Structure formats: C-alpha cells, structure tokens
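Take a look at the structure below.
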Amino acid sequence: MTELANNSKSMGYWQRVARDGPRMGFWFILPTLLLLVFIVVFPLLMQLYLSFTWWTPLEGIPWYQAWEVFNWGENYWFMITDPRFWGALWRTVLIMIIAVPAQFFLGMALAYLFIDQFPGRKIFYSIMLTPMMIVPAVVGLMFFLLFQGTGPVNDHLGLPAEFSWLTDVNRAMISVIIADIWQWTPLMFLILLAGMLGVPSDQLLAAKLLGGSNLQNFIKIIMPRMKTVIIIALVLRAVECFKIFDLVFIMTKGGPGVQTETISVFLYKQTFGELEWAYVATIGLSILIALSILAVKGLSYMAKK
Amino acid sequence: MSSIQIQNVTKRFGDFTAVDEISIDIEEGEFVALLGPSGCGKTTTMNMIAGLEDVSEGVIKFDGQDLSHVRMQDRNIGFVFQNYAIFTHLSVYKNLSYGLEVKKVEKPEIERRVKAMADRMSISHRLHQPAASLSVNEMQKLAIGRSAIVEPRIFLLDEPLSNLDAGFRAYMRAELKVLQHEFGQTMIYVTHDQIEAMSLADKIAIIDQGKLMQYGAPLDIYNDPQNRFVANFVGSPRMNLVDGELREEQGALRLMLHGGAEIPLAGQVKADFTSDSKVHSGSFGIRPQDIYFGDKRADHDIKMLGKVEVLERVGPKRLAYLQVQETMFLAFDEQAQLNVGDDVPFYLPSEASMAFDLDSGRRLGGQ
Amino acid sequence: MKTSPGAMALKCFFVFLASVVVLYPLLWMVTMAFKPHPEWTTVSGLTWLPKNPTWQNFEFIFFGEAEGLVVSLDRTIGGPLIASLVTATVGTLIAVVCGTLASYAVVRFGLAQSLPLSVLQLRLFPPLAVMIPVMVMWAFIGAVDTWWGLSLIYGIVTLPFAFWLMKTFFEEVPVEIEDAARVAGCSYWRVFYRITLPIVKPGLATCALFVFILNWSDYLLALLLTQREWVTLPVYMATLTSAMGGQMYGMKAALGVIAAIPPVVFGLMIQKHLVRGLTFGALKQ
C-alpha cells in the first residue's frame with residue numbers, strides 16, 4: 001500500500017489531487033455543487049424574470065424574449081386576488097390538518113402495540129410498512145378502484161351504485177384524505193416506533209420494577225424522550241403532504257370541479273390547461289419564498305434547542 | 001422483608017443451560033452474595049428472582065409463596081442495575097419520587113420521603129438538577145435511593161460497585177452494610193469480586209457455569225471449600241492448587257505432579273486422599289499463608305525443595321514464587337530473608353493442606 | 001416478562017385488524033388484475049376472487065390485444081417498462097455518485113458546511129413550484145421526452161436523500177482506520193476508494209435501492225417532462241386508453257401490480273434502514 005515518494009515534477013495533476021485532501025474534496029463536491037446551482041440559480045432567476053411578464057408558450061416568442069410582454073407585477077396582484085389560488089391553498093392546508101394528525105395518532109397507537117414481542121411480530125411489521133412502499137400513483141389507482149360507485153366499498157357498505165365518492169362534492173375530499181392516511185400512517189408508525197424503541201430498555205425495566213404499569217411507563221418514560229422524534233415525524237409528513245399530487249390527480253383530477261384541487265393540482269392545470277406559464281412562475285416563486293422563510297425560522301428554532 | 005426459597009431452578013436459552021438446578025434458601029434480612037466469574041449465571045439467577053426472566057424449571061418463592069404468576073411490577077422488589085438505569089430525562093427528585101408516584105402516594109408524603117432519602121444518600125444538594133448531570137458516584141447513590149424509597153421487601157443489586165473508582169468503592173461497601181442493617185431488608189448482591197462478597201455478605205453462593213458450587217458463610221467457604229473451584233476462587237492471593245497422579249509405593253503415597261515434581265503425602269492430607277479409593281488423580285491445595293520456611297513445626301508437615309524465581313512486594317509483605325521443577329508455589333516470605341535464585345526448603349503443613357479429586361473437583365476428606 | 005393473556009389477545013386483535021386494513025386495497029387491486037371485463041363492476045355481482053380468473057389483462061398490456069377482447073392497444077407496456085427501468089437506474093446512478101462523493105468531502109474534509117442544509121431544502125419545495133423554469137430549461141437543451149433528460153431531473157431530485165444517507169454511513173466509519181491507512185502512505189483517493197468505500201458497501205447498496213425506489217415511484221416529473229417516447233410506467237398506467245375507449249380497470253390494475261412490485265421488494269430488503277433514509281439520518285433503527 002505504500003506509494004512511491006512524492007516527486008511533484010513527474011506527477012500528473014490528478015495524482016497530485018489524490019494526495020491533497022481538501023483539493024480532492026473540492027473535486028468531490030463539484031458535481032453536486034454544479035447540479036445544485038443548475039437547478040437553483042437558473043430556475044430562480046428565470047421565474048423572477050417571467051413572473052413580471054405575461055408570457056405563455058402560446059405567445060409564439062421564445063422565453064428569453066418575454067420582456068416583450070412585460071407587465072409590472074400584475075401577476076402578483078392577480079395571484080393575491082385569485083380565489084381559485086386561495087381555494088387551492090386552503091384545500092391543501094385542509095388535507096394537511098386532517099390527514100397528518102390522523103396519521104400521527106394512528107401511527108402512535110400502532111407503534112405502541114409493537115413495542116413488546118408478540119407472535120408474528122416481524123411479519124406483521126413488514127406488512128404494516130407496505131403501504132408507504134407502493135408507488136403513489138398506484139395508490140391513487142387502488143383507491144380509485146375502491147371508491148368507484150360500482151366498486152367494493154359501496155358493495156360492502158350496501159350502498160347503491162349511484163352513491164358516489166369521487167364525484168361527490170363533499171365525499172371526494174374524504175376519499176382523498178382516506179387514501180393519504182392509508183399510505184402514510186406506516187411512515188409515522190415506522191418513525192415513532194423507532195423513537196420508542198430508542199428508549200434504553202433497562203430504564204424501562206427499572207420503571208417496571210418500581211411498580212409502574214405499562215401505561216404509566218409509557219407516559220412518564222417513553223413519551224418525554226420522544227419529543228424530537230415526534231417533531232421530526234410531523235414536520236416531514238407535513239412537508240410531503242403539502243406537495244400532494246399523484247393521489248389526488250389520479251383519483252379525482254382535482255374534481256369534481258375544484259373540490260379536491262390542491263395547490264399542486266391547481267398549478268398543473270394552469271400549466272397544461274390554461275397555459276398561463278408566467279402566472280404559474282409567479283405563484284411558484286411566491287411559494288418558494290414563503291417556504292424558505294418558514295424553513296429558516298424553523299431551523300433557527302431547532303438550532304436553539 | 002421476605003425470605004426467599006430458590007428450589008431446583010433451571011434456566012435454558014435454547015440449547016444453552018445458563019442456570020442448572022440451583023437451590024438456595026435465604027432467610028429474612030440476610031445479605032447474600034451471588035459470586036462467580038463472568039457468565040456463570042449469577043445475573044440470570046437474579047433476573048429470575050426479580051421476574052425479568054422466566055424460570056425454565058423449578059420454582060422461586062418469597063416467604064413460601066410461589067412467584068411463577070406474579071409479574072415483576074407486582075413483586076415489590078428493589079433492583080439496582082449495574083449501569084444504574086437512572087431516568088436521565090428526569091430530575092433527581094423525579095427519579096426518587098417515581099416509585100411513589102406510580103403507587104399514587106399523596107404529594108406531601110412523597111415530598112417528605114424524597115427529602116429524607118436524599119439526605120440519607122447525601123445528594124440533597126442535587127435534588128432539583130437533571131439526573132443526567134450527576135457524577136457516577138452520585139448516580140449510584142441515586143439508584144439505591146430510588147429503589148429503597150418504596151421500602152421493598154427484597155433488594156437486588158447487580159454488580160453495583162463495579163463502575164466506581166476504588167476509593168469510593170470501599171466507602172460504598174461500608175455504606176451498603178450500614179444501609180442493610182438500617183432497612184433490614186433481605187439483600188441479594190451479584191458480584192465477581194470475592195473481596196466484596198467476603199466482606200459484605202452473611203452468606204455467599206458461589207456459582208460456576210450455572211451450577212451452585214457452595215453456599216455458606218464467608219469464613220466457612222474460606223476455611224472449608226467443598227470443591228476445587230471454590231478453593232481456587234476464594235482467597236487472595238489464590239490458593240496453591242497443584243495437580244497430579246496418586247501413586248502408592250510401599251505404603252507411601254505420593255502425588256506425582258504434572259509438572260514433574262512429587263509431593264510425599266503425610267498426615268491428615270494423606271488420609272484425605274486415601275479416603276476414597278476410586279480417586280487416582282488429585283489436586284493438592286495449600287494457601288500461600290500456610291507455607292512456611294525454616295524449621296519443621298509438626299511431624300507430618302511435608303518438606304519440599306524449591307528455587308526462588310520471583311520476589312513480589314504486596315503491600316507490606318513479600319510474596320515468594322518458588323519453582324519446583326515445572327510447578328510454581330506461592331508463599332509469603334515473612335522473615336524477608338529470601339533472595340532470588342536461592343534454593344530453599346519449605347514446608348506444607350498437612351493439617352492445613354486440602355485434598356481434591358481432580359476429575360470431579362470434589363473435596364476429599366474435610367470436616 | 002409476562003403480559004396477561006387478555007392484553008395479548010387484545011393486542012393481536014388490533015394488529016390483525018390493522019393488517020386487514022392495510023392489505024384490503026392491495027388485495028383488491030391484485031385480484032382485479034386477474035378479473036375479466038364483466039367482473040370489474042358491481043353490475044354483475046362483485047366478488048373478491050375472480051369467478052373466471054384470467055391472464056387477459058396482462059396479455060393485453062404486453063401484446064396489445066388479447067383473446068376475447070374486441071379492443072386493442074396502440075402502445076404496449078414494453079416501452080414504458082424500459083423507460084422506467086432506464087431512467088430510474090440512471091437517475092439513481094447520478095444521485096448516488098454525486099451524493100456519495102459530496103457527503104464524503106463534507107464529512108472528512110469539513111468542506112461546504114452549508115451543503116447538507118442546502119441540499120435538504122431542495123426537498124422542501126413542491127416540484128410544481130419550480131416546474132415552469134425546469135420545463136423551459138429542459139426544452140431549451142432538448143431534454144424533453146428523452147431518457148437522459150428525465151434521468152437528470154431524477155438524479156437531482158433524489159440527490160438530497162443519497163447525500164444524507166451516505167453522510168450518516170460515512171460518519172460511522174472510524175477516522176482511525178483511515179488515519180492508519182494514511183500513515184501507511186496511502187493517498188487520500190486510495191483511502192477513499194480502497195478502504196472507506198468497501199466498508200460502507202452495504203450502506204451504498206441500501207442507498208442505491210432507496211433512491212431507486214424513489215425514482216421508480218415518480219409520477220409528476222415524468223408527466224411533465226415526457227410526451228410519448230419515454231413515458232414511464234406510472235404515467236402509462238394512469239393514462240391508459242385504447243382505440244375504443246372504455247374503463248380498462250383490469251388492465252390498469254395489472255399495470256399497477258407490475259409497477260408496485262420492485263419498490264415493495266426493494267423496500268422490504270432495506271427495511272432496516274428505512275428510518276434512516278426517510279428522516280435524513282436523524283433517526284436510526
């Protein structure tokens with residue numbers, strides 16, 4: 001393993017890099033850095049640029065000439081007064097505030113069941129994890145099939161084929177939420193269980209020997225140690241839930257009407273339906289800025305702890 | 001406090017037998033040490049007493065009451081773990097009060113008892129600090145206090161002093177003894193340190209490879225070991241145990257050591273070796289303290305010739321390593337007259353020597 | 001340690017109940033894949049197991065036509081299947097290579113300390129919030145409806161996962177091992193290539209499988225950046241139409257089953273590390 005003595009003159013550039021840690025590190029980071037810049041800087045600038053124009057692909061001019069249809073931030077004004085936009089945002093938040101807590105409590109309950117051994121635990125554990133491994137688009141299909149008027153749900157509940165889930169004004173949202181809960185409760189289960197099992201077992205034993213019942217120990221010993229885990233699980237799921245698209249789009253296409261139109265579906269329709277690309281760029285940029293501020297605030301809060 | 005009856009208890013993990021038919025009778029208020037090398041099954045035994053493990057065979061009783069169906073939460077046992085298992089996310093106060101809280105004791109009562117226990121364990125000044133910030137010594141006291149505060153009938157301690165520094169260990173040994181007298185609980189103490197066991201316990205159960213080797217008072221075990229293992233394990237420095245084949249020639253019995261030398265047997269120890277005619281291989285035991293130099297003191301004392309290989313200082317005394325062919329004997333050089341390289345005669349008093357059957361380890365003869 | 005038999009029975013009951021809920025939609029789709037046309041709806045009485053199980057649906061999507069079916073398909077599963085495989089694999093390669101190298105540099109040389117967080121923030125934003133510029137850019141470089149265009153965006157989007165996952169694995173390699181090799185005269189590259197990488201090989205495999213699952217499962221990006229040639233399996237499944245129209249539940253179900261299998265298989269293989277990957281290393285199992 002011993003290399004020959006360094007003889008700078010006869011060595012190529014790369015051989016010198018291989019011996020210089022930080023310089024090699026630089027080259028290691030470079031590809032990632034380039035990709036990051038590529039995907040962050042250009043889009044950001046382009047979005048900024050486009051958001052101040054009326055540009056759509058229909059205009060017939062290439063994007064870099066969009067200054068020809070410059071508007072002075074009218075897109076932003078439009079966005080602020082666009083009921084469809086706010087509706088989509090609200091619906092997304094609605095899904096989040098129903099689905100995420102539901103997944104959390106169900107996941108917690110399941111995790112509690114799995115703390116101690118029981119026959120078949122390993123197999124049931126794997127079964128429990130399966131939903132989150134299913135391709136989201138396929139989950140959409142599954143629930144699409146289930147919630148058909150002529151499908152099994154109506155059949156098992158004894159409801160007529162006219163009782164629709166996916167095309168009903170109220171029930172469409174419920175269907176989507178159910179699908180999301182089905183798919184992602186296992187994630188909560190996975191994370192929360194890992195947190196619970198991370199509690200040192202001898203402390204749990206000590207608590208038991210002091211006379212604590214399983215429930216008392218759970219509340220006094222396990223729960224307090226899980227604060228960080230709980231926050232991680234909730235934040236992760238909330239962020240992903242905000243992005244929800246595949247499920248909704250395949251199940252209802254955002255319908256009926258706009259009843260289940262989440263922010264992602266709304267943006268999709270604007271992009272491919274109305275072809276209002278500059279408007280979409282505007283909204284996109286605004287969302288980016290809003291989320292970035294939230295993220296910075298959140299991180300500085302975490303850093304304090 | 002309770003008495004404990006361990007009757008023919010066996011514990012198997014799959015094919016491996018960790019505890020093999022151990023029976024021990026512990027009286028109320030006794031301090032019993034479970035002593036043995038690592039992995040001998042002492043901790044497993046204690047876990048079964050606590051209810052942390054199920055018993056494969058046999059039965060454990062408290063005051064004659066079978067515990068097989070009693071959960072560990074309900075056994076009212078104080079347990080101190082080797083690494084203390086302090087609730088690190090709670091304060092010292094909350095650690096102490098835990099056992100009382102789960103029993104729904106009234107708050108003012110809890111406060112009174114916690115303060116009293118903290119005082120007694122000398123950790124009052126830390127009462128409202130996070131338990132994780134305590135030093136190792138303080139954690140140990142907290143662990144004991146936490147278990148003691150619920151006034152359990154039995155106290156189990158799993159090598160509680162092994163994490164402490166030597167000076168504090170000696171201090172805690174004394175403290176534990178005082179505590180035990182005060183509380184009067186039955187205490188079971190797992191350790192691999194024979195000095196600890198000898199100094200603390202009323203009775204010692206010596207366990208090796210899952211089997212009970214001997215159970216008795218410290219002095220009995222020291223003076224009268226029932227088998228070779230116990231003789232070898234207890235006593236510091238270790239007893240000299242030399243193995244060989246017994247050969248009888250013209251009425252004289254010799255032990256032909258595996259190292260080449262011979263011990264001409266005489267007196268009590270000869271009688272011990274001949275007590276069982278089936279024994280052919282034997283182990284000769286003599287404590288270093290009993291070997292002497294100079295003039296023969298008793299008729300049947302055995303004379304040996306050895307070369308001083310090493311002289312070792314042990315505190316105020318000197319240990320001499322005497323080489324007889326391939327065998328080494330340890331003795332105390334009381335008179336401090338020996339030099340390395342000397343060829344000296346030394347004596348093995350036959351009354352103090354012990355005979356063991358090499359195959360089974362059993363003590364031959366004995367009181 | 002004994003739990004009362006009553007509590008154990010209750011626990012098993014709830015676990016069983018949860019399993020039923022979990023498996024219900026899956027089983028429905030799987031059985032649907034084997035059902036002939038008349039059994040797709042309640043019109044002729046709905047049952048779990050197909051009354052006349054058939055391979056029809058699978059035949060249809062593989063060959064474009066099947067016995068007993070009047071309709072036909074203009075495009076079979078072959079293309080999308082290859083598209084999914086290729087783009088997921090190449091995307092995984094990009095993400096894993098870049099992520100591994102970058103995380104090693106950050107962990108060992110302390111470079112670019114803000115990189116972990118920046119990379120994490122990439123995952124924060126809804127893809128659609130940046131899709132306009134991405135689509136325009138991709139069109140600009142001619143990457144729309146190509147295998148490399150899709151692979152590239154896949155690689156970028158899953159880079160954060162690869163980065164963080166490998167970061168935790170590298171952090172577990174004791175520095176002393178690398179130092180010992182350095183003292184023996186190895187160059188930094190040699191240490192990385194011959195010592196560190198072999199140690200994290202299992203982690204690397206886990207990372208690759210994890211990222212592959214993510215790429216394979218994508219729907220939105222493929223929807224936006226492909227048109228015809230390189231449509232992936234999920235998009236193909238969702239937009240399955242035939243020349244004669246109709247609901248095609250059975251065929252879609254068959255496609256769903258096929259699409260779902262690789263991630264589930266891989267997911268179960270890397271079960272132990274799922275927590276680590278999904279929480280960006282914050283938790284380990």
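Following the order of the structure tokens, chains are lettered A, B, ..., residues in each are numbered from 1, and ligands are numbered from 1.
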
For this session: Looking only at alpha helix (DSSP H) from DSSP on the backbone, list the matching residues of range 121-234 of chain B as a ChimeraX atom specification.
Result: /B:136-148,166-183,194-200,218-223,228-233

Expected file: the selected residues, C-alpha atoms, as a PDB file, in the first residue's frame:
```pdb
ATOM      1  CA  VAL B 136     -21.017   8.321  38.613  1.00  0.00           C
ATOM      2  CA  ASN B 137     -20.769   8.063  42.382  1.00  0.00           C
ATOM      3  CA  GLU B 138     -23.838  10.216  42.889  1.00  0.00           C
ATOM      4  CA  MET B 139     -25.762   8.249  40.294  1.00  0.00           C
ATOM      5  CA  GLN B 140     -25.070   5.098  42.192  1.00  0.00           C
ATOM      6  CA  LYS B 141     -26.444   6.583  45.372  1.00  0.00           C
ATOM      7  CA  LEU B 142     -29.456   7.837  43.478  1.00  0.00           C
ATOM      8  CA  ALA B 143     -30.058   4.370  42.053  1.00  0.00           C
ATOM      9  CA  ILE B 144     -30.002   2.851  45.504  1.00  0.00           C
ATOM     10  CA  GLY B 145     -32.161   5.591  46.961  1.00  0.00           C
ATOM     11  CA  ARG B 146     -34.689   5.291  44.164  1.00  0.00           C
ATOM     12  CA  SER B 147     -35.157   1.617  44.880  1.00  0.00           C
ATOM     13  CA  ALA B 148     -35.046   1.949  48.640  1.00  0.00           C
ATOM     14  CA  ALA B 166     -11.508   2.095  44.051  1.00  0.00           C
ATOM     15  CA  GLY B 167     -11.606   4.609  46.880  1.00  0.00           C
ATOM     16  CA  PHE B 168     -15.298   5.199  46.555  1.00  0.00           C
ATOM     17  CA  ARG B 169     -15.923   1.510  46.215  1.00  0.00           C
ATOM     18  CA  ALA B 170     -14.547   0.867  49.672  1.00  0.00           C
ATOM     19  CA  TYR B 171     -16.655   3.688  51.054  1.00  0.00           C
ATOM     20  CA  MET B 172     -19.801   2.379  49.409  1.00  0.00           C
ATOM     21  CA  ARG B 173     -19.163  -1.116  50.699  1.00  0.00           C
ATOM     22  CA  ALA B 174     -19.387   0.229  54.203  1.00  0.00           C
ATOM     23  CA  GLU B 175     -22.395   2.346  53.331  1.00  0.00           C
ATOM     24  CA  LEU B 176     -24.260  -0.606  51.913  1.00  0.00           C
ATOM     25  CA  LYS B 177     -23.661  -2.613  55.023  1.00  0.00           C
ATOM     26  CA  VAL B 178     -24.974   0.201  57.180  1.00  0.00           C
ATOM     27  CA  LEU B 179     -27.999   0.616  54.924  1.00  0.00           C
ATOM     28  CA  GLN B 180     -28.779  -3.024  55.106  1.00  0.00           C
ATOM     29  CA  HIS B 181     -28.733  -3.016  58.871  1.00  0.00           C
ATOM     30  CA  GLU B 182     -30.954   0.038  58.968  1.00  0.00           C
ATOM     31  CA  PHE B 183     -33.513  -1.090  56.454  1.00  0.00           C
ATOM     32  CA  GLN B 194     -14.639 -12.106  46.019  1.00  0.00           C
ATOM     33  CA  ILE B 195     -13.313  -9.487  48.386  1.00  0.00           C
ATOM     34  CA  GLU B 196     -16.591  -7.607  48.115  1.00  0.00           C
ATOM     35  CA  ALA B 197     -18.551 -10.764  48.732  1.00  0.00           C
ATOM     36  CA  MET B 198     -16.413 -11.839  51.618  1.00  0.00           C
ATOM     37  CA  SER B 199     -16.625  -8.513  53.360  1.00  0.00           C
ATOM     38  CA  LEU B 200     -20.294  -7.743  52.807  1.00  0.00           C
ATOM     39  CA  PRO B 218     -17.776 -16.445  54.152  1.00  0.00           C
ATOM     40  CA  LEU B 219     -15.486 -17.950  56.730  1.00  0.00           C
ATOM     41  CA  ASP B 220     -16.842 -21.434  56.171  1.00  0.00           C
ATOM     42  CA  ILE B 221     -16.262 -21.113  52.474  1.00  0.00           C
ATOM     43  CA  TYR B 222     -12.767 -19.863  53.031  1.00  0.00           C
ATOM     44  CA  ASN B 223     -11.748 -22.452  55.565  1.00  0.00           C
ATOM     45  CA  ARG B 228     -11.601 -27.263  43.828  1.00  0.00           C
ATOM     46  CA  PHE B 229     -13.352 -24.398  42.079  1.00  0.00           C
ATOM     47  CA  VAL B 230     -14.346 -22.726  45.327  1.00  0.00           C
ATOM     48  CA  ALA B 231     -10.903 -23.239  46.785  1.00  0.00           C
ATOM     49  CA  ASN B 232      -9.386 -21.643  43.725  1.00  0.00           C
ATOM     50  CA  PHE B 233     -11.833 -18.779  43.529  1.00  0.00           C
TER      51      PHE B 233
END
```

For this session: Find the residues near range 53-64 of chain B: any atom within 10 Å, counting only C-alpha atoms, skip ones fewer than 5 places away on the same chain, and give them as a VMD selection string.
Result: (chain B and resid 1 to 13 17 19 to 28 44 to 48 69 72 75 153 to 154) or (chain C and resid 1 to 2)

For this session: For chain B, list the residues within 10 Å of chain A, counting only C-alpha atoms, and write the list as number ranges by chain.
Result: B: 50-52, 71-90, 95, 98-103, 143, 146-150, 152

For this session: Find the spatial neighbours of range 49-66 of chain A, counting only C-alpha atoms, within a cut-off of 6 Å - ignore same-chain residues fewer than 6 positions away - and output them as an MDAnalysis selection string.
Result: chainID A and resid 72:73 276:278 281:282

Write the residues of the selection above to a file with C-alpha atoms, as a PDB file, in the first residue's frame.
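And here is the file that came out, selection.pdb:
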```pdb
ATOM      1  CA  TRP A  72     -45.391  45.379 -13.861  1.00  0.00           C
ATOM      2  CA  GLY A  73     -46.105  42.688 -11.333  1.00  0.00           C
ATOM      3  CA  GLU A 276     -50.552  30.535 -18.103  1.00  0.00           C
ATOM      4  CA  TRP A 277     -46.908  29.833 -17.507  1.00  0.00           C
ATOM      5  CA  ALA A 278     -45.871  33.236 -16.257  1.00  0.00           C
ATOM      6  CA  ALA A 281     -43.978  31.070 -12.291  1.00  0.00           C
ATOM      7  CA  THR A 282     -45.308  33.854 -10.114  1.00  0.00           C
TER       8      THR A 282
END
```

For this session: Find the spatial neighbours of range 238-248 of chain A, counting only C-alpha atoms, within a cut-off of 10 Å - ignore same-chain residues fewer than 6 positions away - and output them as a ChimeraX atom specification.
Result: /A:89,91-97,99-101,135-144,172-173,175-177,179-180,183-184,232,254-255,260-266,268,291 /C:123-129,218-220,234,238

Problem set entry | Residues near range 283-295 of chain B, cut-off 7 Å, only C-alpha atoms, skip fewer than 4 positions along chain, as a list in words |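 Here the answer would be Met239, Asn240, Leu241, Val242, Asp243, Gly244, Leu330, Ala331, Phe332, Pro345, Phe346, Tyr347, Leu348, Pro349, Ala352, Ser353, Met354, Ala355, Phe356, Asp357 and Leu358 of chain B.
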
Same residues, C-alpha atoms, saved as an mmCIF file, in the first residue's frame:
```
data_model
loop_
_atom_site.group_PDB
_atom_site.id
_atom_site.type_symbol
_atom_site.label_atom_id
_atom_site.label_comp_id
_atom_site.auth_asym_id
_atom_site.auth_seq_id
_atom_site.Cartn_x
_atom_site.Cartn_y
_atom_site.Cartn_z
ATOM 1 C CA MET B 239 -4.637 -20.958 46.974
ATOM 2 C CA ASN B 240 -1.841 -23.047 45.522
ATOM 3 C CA LEU B 241 -3.510 -25.875 43.650
ATOM 4 C CA VAL B 242 -1.222 -28.413 42.088
ATOM 5 C CA ASP B 243 -2.498 -31.375 40.129
ATOM 6 C CA GLY B 244 -1.073 -34.827 39.682
ATOM 7 C CA LEU B 330 3.342 -19.154 46.068
ATOM 8 C CA ALA B 331 4.352 -18.376 49.647
ATOM 9 C CA PHE B 332 4.774 -15.420 51.943
ATOM 10 C CA PRO B 345 13.354 -25.878 51.647
ATOM 11 C CA PHE B 346 9.741 -25.043 52.515
ATOM 12 C CA TYR B 347 7.017 -26.872 54.393
ATOM 13 C CA LEU B 348 3.445 -27.731 53.582
ATOM 14 C CA PRO B 349 1.573 -28.265 56.852
ATOM 15 C CA ALA B 352 -3.867 -27.052 56.592
ATOM 16 C CA SER B 353 -3.451 -28.789 53.246
ATOM 17 C CA MET B 354 -6.514 -29.816 51.275
ATOM 18 C CA ALA B 355 -7.151 -32.742 49.021
ATOM 19 C CA PHE B 356 -9.357 -32.629 45.936
ATOM 20 C CA ASP B 357 -10.351 -35.216 43.390
ATOM 21 C CA LEU B 358 -9.048 -33.860 40.129
#
```
